[in-house]
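Asks: Please find one structure pasted underneath; my questions will follow.
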Amino acid sequence: MKLLIRLLFPALLLLSCSRSGAPLIGISTARLASGSDCLSPNYSSAILRAGGIPVIIPTLSSAEEALAIVEKLDGIVFSGGPDIDPAWYGEPVLNETVQIDSVRDRSDSLLVLAALASGKPILAICRGEQIVNVLLGGSLYQDIPSQIEGANTHRGVFHKIGLEKESILYRLFQVDSIEVNSRHHQSVKDVASGLRVTAWSPDGIVEAYENDQVWGVQFHPESIQKEDTAWVAFFRQFVRKAAARKAR
């Protein structure tokens with residue numbers, strides 16, 4: 001309970017003072033080598049610009065903590081970070097490119113399961129997209145260059161992705177393809193049951209999926225939104241979804 005109070009107090013104070021009624025959007029954190037929690041400010045900036053109140057979620061150690069935190073939130077964003085231990089989807093480590101943080105794996109798994117059980121909106125970004133897929137029963141390519149012959153580089157580049165009609169992204173942009181950033185060497189392989197793939201890169205990599213609760217993207221819209229205001233609308237739709245869930 002002390003963890004929950006420390007976590008939520010700044011956001012609740014801001015909410016009561018200046019933006020009463022705005023939805024609280026939790027954001028999972030990464031970890032430094034020292035073990036300290038950290039998070040790019042792009043995530044909280046994107047939520048603020050979209051009309052939500054960002055709540056930074058620290059590393060968790062129990063299901064009780066995760067459930068207590070999710071209960072107070074209106075939506076949850078799962079942020080990017082290191083590779084997921086392939087043991088979570090029944091595989092050994094492929095090669096030395098796979099960099100694992102088992103403490104974060106545990107924390108994120110607790111938070112994902114609590115968030116899924118709550119029915120509240122989830123936006124899963126990069127690693128977030130991958131771990132939600134894994135916990136729903138899917139798997140990953142551990143290292144795209146080693147496992148997919150002819151795949152394009154997906155590290156530190158921009159590239160086009162094709163959009164499925166009637167998807168969140170297609171309705172937002174009204175075009176068949178858009179350009180996104182790319183900072184990953186792993187990606188979704190087997191798509192979990194209940195998730196619909198809605199975007200692909202030209203080499204076949206899954207770039208987005210969705211269902212009624214979850215929006216997953218392999219790229220980093222929280223970085224793009226600083227330069228391209230069209231992506232502010234993407235986050236605004238997510239915040240509105242969380243607000244609608246809150247109003248039930």
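Ligands are numbered from 1 in the order shown, residues from 1 within each chain, and chains are lettered A, B, ... in the order they appear in the structure tokens.
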Please identify which residues in range 17-230 of chain A DSSP calls strand (DSSP E) from the backbone, and express them as a VMD selection string.

Replies: chain A and resid 24 to 28 30 to 31 37 to 38 53 to 57 75 to 78 122 to 125 140 to 141 155 to 163 177 to 183 187 to 188 196 to 200 206 to 210 214 to 217

Asks: Do you know which residues are at most 9 Å from Thr153 in chain A counting only C-alpha atoms, after dropping those on the same chain fewer than 3 positions away, and could you put them as a PyMOL selection string?

Replies: chain A and resi 144-145+156-157+182+184-185

Asks: Keeping N, CA and C atoms, export the residues of the selection given above as an mmCIF file, in the first residue's frame.

Replies:
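Saved result, part32.cif, follows:
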data_model
loop_
_atom_site.group_PDB
_atom_site.id
_atom_site.type_symbol
_atom_site.label_atom_id
_atom_site.label_comp_id
_atom_site.auth_asym_id
_atom_site.auth_seq_id
_atom_site.Cartn_x
_atom_site.Cartn_y
_atom_site.Cartn_z
ATOM 1 N N ILE A 144 15.970 -11.056 -35.584
ATOM 2 C CA ILE A 144 15.480 -11.003 -36.958
ATOM 3 C C ILE A 144 16.574 -11.308 -37.986
ATOM 4 N N PRO A 145 17.770 -10.701 -37.897
ATOM 5 C CA PRO A 145 18.794 -10.982 -38.916
ATOM 6 C C PRO A 145 19.193 -12.452 -38.986
ATOM 7 N N GLY A 156 17.413 1.508 -35.777
ATOM 8 C CA GLY A 156 17.835 2.874 -36.045
ATOM 9 C C GLY A 156 17.496 3.379 -37.430
ATOM 10 N N VAL A 157 16.357 2.944 -37.976
ATOM 11 C CA VAL A 157 15.955 3.360 -39.322
ATOM 12 C C VAL A 157 14.483 3.757 -39.319
ATOM 13 N N SER A 182 12.108 2.539 -36.252
ATOM 14 C CA SER A 182 12.355 1.118 -35.991
ATOM 15 C C SER A 182 13.617 0.966 -35.162
ATOM 16 N N HIS A 184 14.572 -2.214 -33.108
ATOM 17 C CA HIS A 184 14.397 -3.530 -32.499
ATOM 18 C C HIS A 184 15.104 -4.598 -33.326
ATOM 19 N N HIS A 185 15.419 -5.711 -32.682
ATOM 20 C CA HIS A 185 15.939 -6.857 -33.428
ATOM 21 C C HIS A 185 15.100 -8.098 -33.171
#

Asks: Excluding Pro58 in chain A and its own-chain neighbours fewer than 3 positions away, which residues fall within 7 Å of it when counting only C-alpha atoms? Please give them as a PDB file with N, CA and C atoms, in the first residue's frame.

Replies:
ATOM      1  N   SER A  28       4.650   1.586 -17.796  1.00  0.00           N
ATOM      2  CA  SER A  28       5.662   0.701 -17.220  1.00  0.00           C
ATOM      3  C   SER A  28       7.053   1.297 -17.421  1.00  0.00           C
ATOM      4  N   THR A  29       7.976   0.968 -16.530  1.00  0.00           N
ATOM      5  CA  THR A  29       9.327   1.527 -16.593  1.00  0.00           C
ATOM      6  C   THR A  29      10.350   0.512 -17.073  1.00  0.00           C
ATOM      7  N   ASP A  37      14.890   2.272 -11.636  1.00  0.00           N
ATOM      8  CA  ASP A  37      13.868   2.427 -12.662  1.00  0.00           C
ATOM      9  C   ASP A  37      14.162   3.665 -13.498  1.00  0.00           C
TER      10      ASP A  37
END

Asks: Which residues, written as a list in words, have at least one atom at most 12 Å from Gly90 in chain A, with only C-alpha atoms counted and residues fewer than 5 positions away on the same chain left out?

Replies: Ile84, Asp85, Val134, Leu135, Gly137, Gly138, Ser139 and Leu140 of chain A

Asks: So, counting only C-alpha atoms, which residue among A:Tyr209, A:Ala243, A:Ile148, A:Gly80 is closest to Arg183 in chain A?

Replies: A:Gly80

Asks: Per DSSP on the backbone, filter range 59-123 of chain A down to the residues in helix (DSSP H, G or I) and report them as a count of residues only.

Replies: 31

Asks: Compile the contact shell of Val98 in chain A as a list in words: residues with an atom at most 9 Å away, counting only C-alpha atoms, same-chain residues fewer than 2 positions apart removed.

Replies: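 The residues that qualify are Pro82, Asp83, Ile84, Asp85, Pro86, Val93, Leu94, Asn95, Glu96, Ile100, Gln142, Asp143, His185 and Gln186 of chain A.
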
Asks: Counting only C-alpha atoms, figure out which residue out of A:Ala117, A:Ala199, A:Leu39, A:Leu110 gets nearest to Leu60 in chain A.

Replies: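 Result for the nearest residue to Leu60 in chain A: A:Leu110.
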
Asks: Which is closer to Arg127 in chain A than all the others in A:Ala22, A:Val188, A:Ala33, A:Val214, using only C-alpha atoms?

Replies: A:Val188

Asks: What is the CA of Val55 in chain A-CA of Gly26 in chain A distance in Å, reported with one decimal?

Replies: 4.5 Å

Asks: Please provide as a PDB file with N, CA, C and O atoms, in the first residue's frame all residues within 9 Å of Pro23 in chain A, with the sequence filter that same-chain residues fewer than 2 positions apart are discarded (counting only C-alpha atoms).

Replies:
ATOM      1  N   LEU A  15      -4.173  15.882 -10.823  1.00  0.00           N
ATOM      2  CA  LEU A  15      -5.534  15.698 -11.302  1.00  0.00           C
ATOM      3  C   LEU A  15      -6.510  16.591 -10.548  1.00  0.00           C
ATOM      4  O   LEU A  15      -7.338  17.273 -11.138  1.00  0.00           O
ATOM      5  N   SER A  20      -9.302  17.987 -13.479  1.00  0.00           N
ATOM      6  CA  SER A  20     -10.237  17.048 -12.868  1.00  0.00           C
ATOM      7  C   SER A  20     -10.965  16.250 -13.933  1.00  0.00           C
ATOM      8  O   SER A  20     -11.509  16.806 -14.881  1.00  0.00           O
ATOM      9  N   GLY A  21     -10.974  14.921 -13.748  1.00  0.00           N
ATOM     10  CA  GLY A  21     -11.672  14.044 -14.666  1.00  0.00           C
ATOM     11  C   GLY A  21     -10.800  13.435 -15.744  1.00  0.00           C
ATOM     12  O   GLY A  21     -11.224  12.497 -16.418  1.00  0.00           O
ATOM     13  N   ILE A  25      -3.235   7.317 -16.803  1.00  0.00           N
ATOM     14  CA  ILE A  25      -2.622   6.335 -17.694  1.00  0.00           C
ATOM     15  C   ILE A  25      -1.295   5.883 -17.096  1.00  0.00           C
ATOM     16  O   ILE A  25      -0.344   6.658 -16.998  1.00  0.00           O
ATOM     17  N   GLY A  51      -4.053  14.572 -23.387  1.00  0.00           N
ATOM     18  CA  GLY A  51      -5.097  14.882 -22.427  1.00  0.00           C
ATOM     19  C   GLY A  51      -5.208  13.933 -21.260  1.00  0.00           C
ATOM     20  O   GLY A  51      -6.162  14.019 -20.477  1.00  0.00           O
ATOM     21  N   GLY A  52      -4.237  13.031 -21.102  1.00  0.00           N
ATOM     22  CA  GLY A  52      -4.244  12.114 -19.974  1.00  0.00           C
ATOM     23  C   GLY A  52      -3.262  12.535 -18.896  1.00  0.00           C
ATOM     24  O   GLY A  52      -2.457  13.451 -19.091  1.00  0.00           O
ATOM     25  N   ILE A  53      -3.319  11.871 -17.767  1.00  0.00           N
ATOM     26  CA  ILE A  53      -2.378  12.083 -16.674  1.00  0.00           C
ATOM     27  C   ILE A  53      -1.460  10.859 -16.605  1.00  0.00           C
ATOM     28  O   ILE A  53      -1.910   9.756 -16.292  1.00  0.00           O
ATOM     29  N   PRO A  54      -0.155  11.010 -16.919  1.00  0.00           N
ATOM     30  CA  PRO A  54       0.746   9.860 -16.860  1.00  0.00           C
ATOM     31  C   PRO A  54       1.102   9.500 -15.424  1.00  0.00           C
ATOM     32  O   PRO A  54       1.360  10.374 -14.596  1.00  0.00           O
ATOM     33  N   LEU A  73      -5.965   2.838 -12.091  1.00  0.00           N
ATOM     34  CA  LEU A  73      -5.681   3.423 -13.392  1.00  0.00           C
ATOM     35  C   LEU A  73      -6.867   3.276 -14.338  1.00  0.00           C
ATOM     36  O   LEU A  73      -7.748   2.446 -14.133  1.00  0.00           O
ATOM     37  N   ASP A  74      -6.830   4.073 -15.422  1.00  0.00           N
ATOM     38  CA  ASP A  74      -7.859   3.990 -16.457  1.00  0.00           C
ATOM     39  C   ASP A  74      -7.337   3.372 -17.746  1.00  0.00           C
ATOM     40  O   ASP A  74      -8.126   2.960 -18.601  1.00  0.00           O
ATOM     41  N   GLY A  75      -6.036   3.324 -17.901  1.00  0.00           N
ATOM     42  CA  GLY A  75      -5.397   2.707 -19.058  1.00  0.00           C
ATOM     43  C   GLY A  75      -3.938   2.467 -18.733  1.00  0.00           C
ATOM     44  O   GLY A  75      -3.403   3.055 -17.783  1.00  0.00           O
ATOM     45  N   VAL A 239      -6.261   7.770 -25.109  1.00  0.00           N
ATOM     46  CA  VAL A 239      -6.700   8.434 -23.874  1.00  0.00           C
ATOM     47  C   VAL A 239      -8.226   8.518 -23.832  1.00  0.00           C
ATOM     48  O   VAL A 239      -8.854   8.310 -22.779  1.00  0.00           O
ATOM     49  N   ARG A 240      -8.851   8.791 -24.970  1.00  0.00           N
ATOM     50  CA  ARG A 240     -10.316   8.833 -25.024  1.00  0.00           C
ATOM     51  C   ARG A 240     -10.907   7.459 -24.731  1.00  0.00           C
ATOM     52  O   ARG A 240     -11.950   7.348 -24.070  1.00  0.00           O
ATOM     53  N   ALA A 242      -9.569   5.229 -22.819  1.00  0.00           N
ATOM     54  CA  ALA A 242      -9.441   5.058 -21.365  1.00  0.00           C
ATOM     55  C   ALA A 242     -10.491   5.881 -20.624  1.00  0.00           C
ATOM     56  O   ALA A 242     -11.061   5.429 -19.623  1.00  0.00           O
ATOM     57  N   ALA A 243     -10.770   7.096 -21.114  1.00  0.00           N
ATOM     58  CA  ALA A 243     -11.779   7.944 -20.476  1.00  0.00           C
ATOM     59  C   ALA A 243     -13.160   7.323 -20.587  1.00  0.00           C
ATOM     60  O   ALA A 243     -13.969   7.386 -19.644  1.00  0.00           O
ATOM     61  N   LYS A 246     -13.397   4.568 -18.109  1.00  0.00           N
ATOM     62  CA  LYS A 246     -13.533   5.140 -16.764  1.00  0.00           C
ATOM     63  C   LYS A 246     -14.976   5.564 -16.479  1.00  0.00           C
ATOM     64  O   LYS A 246     -15.467   5.455 -15.343  1.00  0.00           O
TER      65      LYS A 246
END

Asks: I'd like to know which of A:Ala230, A:Gln147, A:Gln225, A:Asp203 is closest to Phe173 in chain A, using only C-alpha atoms.

Replies: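 When distances to Phe173 in chain A are compared using only C-alpha atoms, the smallest one comes from A:Ala230.
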
Asks: Of the residues A:Gln213, A:Ser34, A:Gln218, A:Gln130, which is the one nearest to Ser118 in chain A, using only C-alpha atoms?

Replies: A:Gln213

Asks: Quick one: pull the distance between CA of Gly128 in chain A and CA of Ser79 in chain A, Å, one decimal.

Replies: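 One can read the CA of Gly128 in chain A to CA of Ser79 in chain A distance as 5.4 Å.
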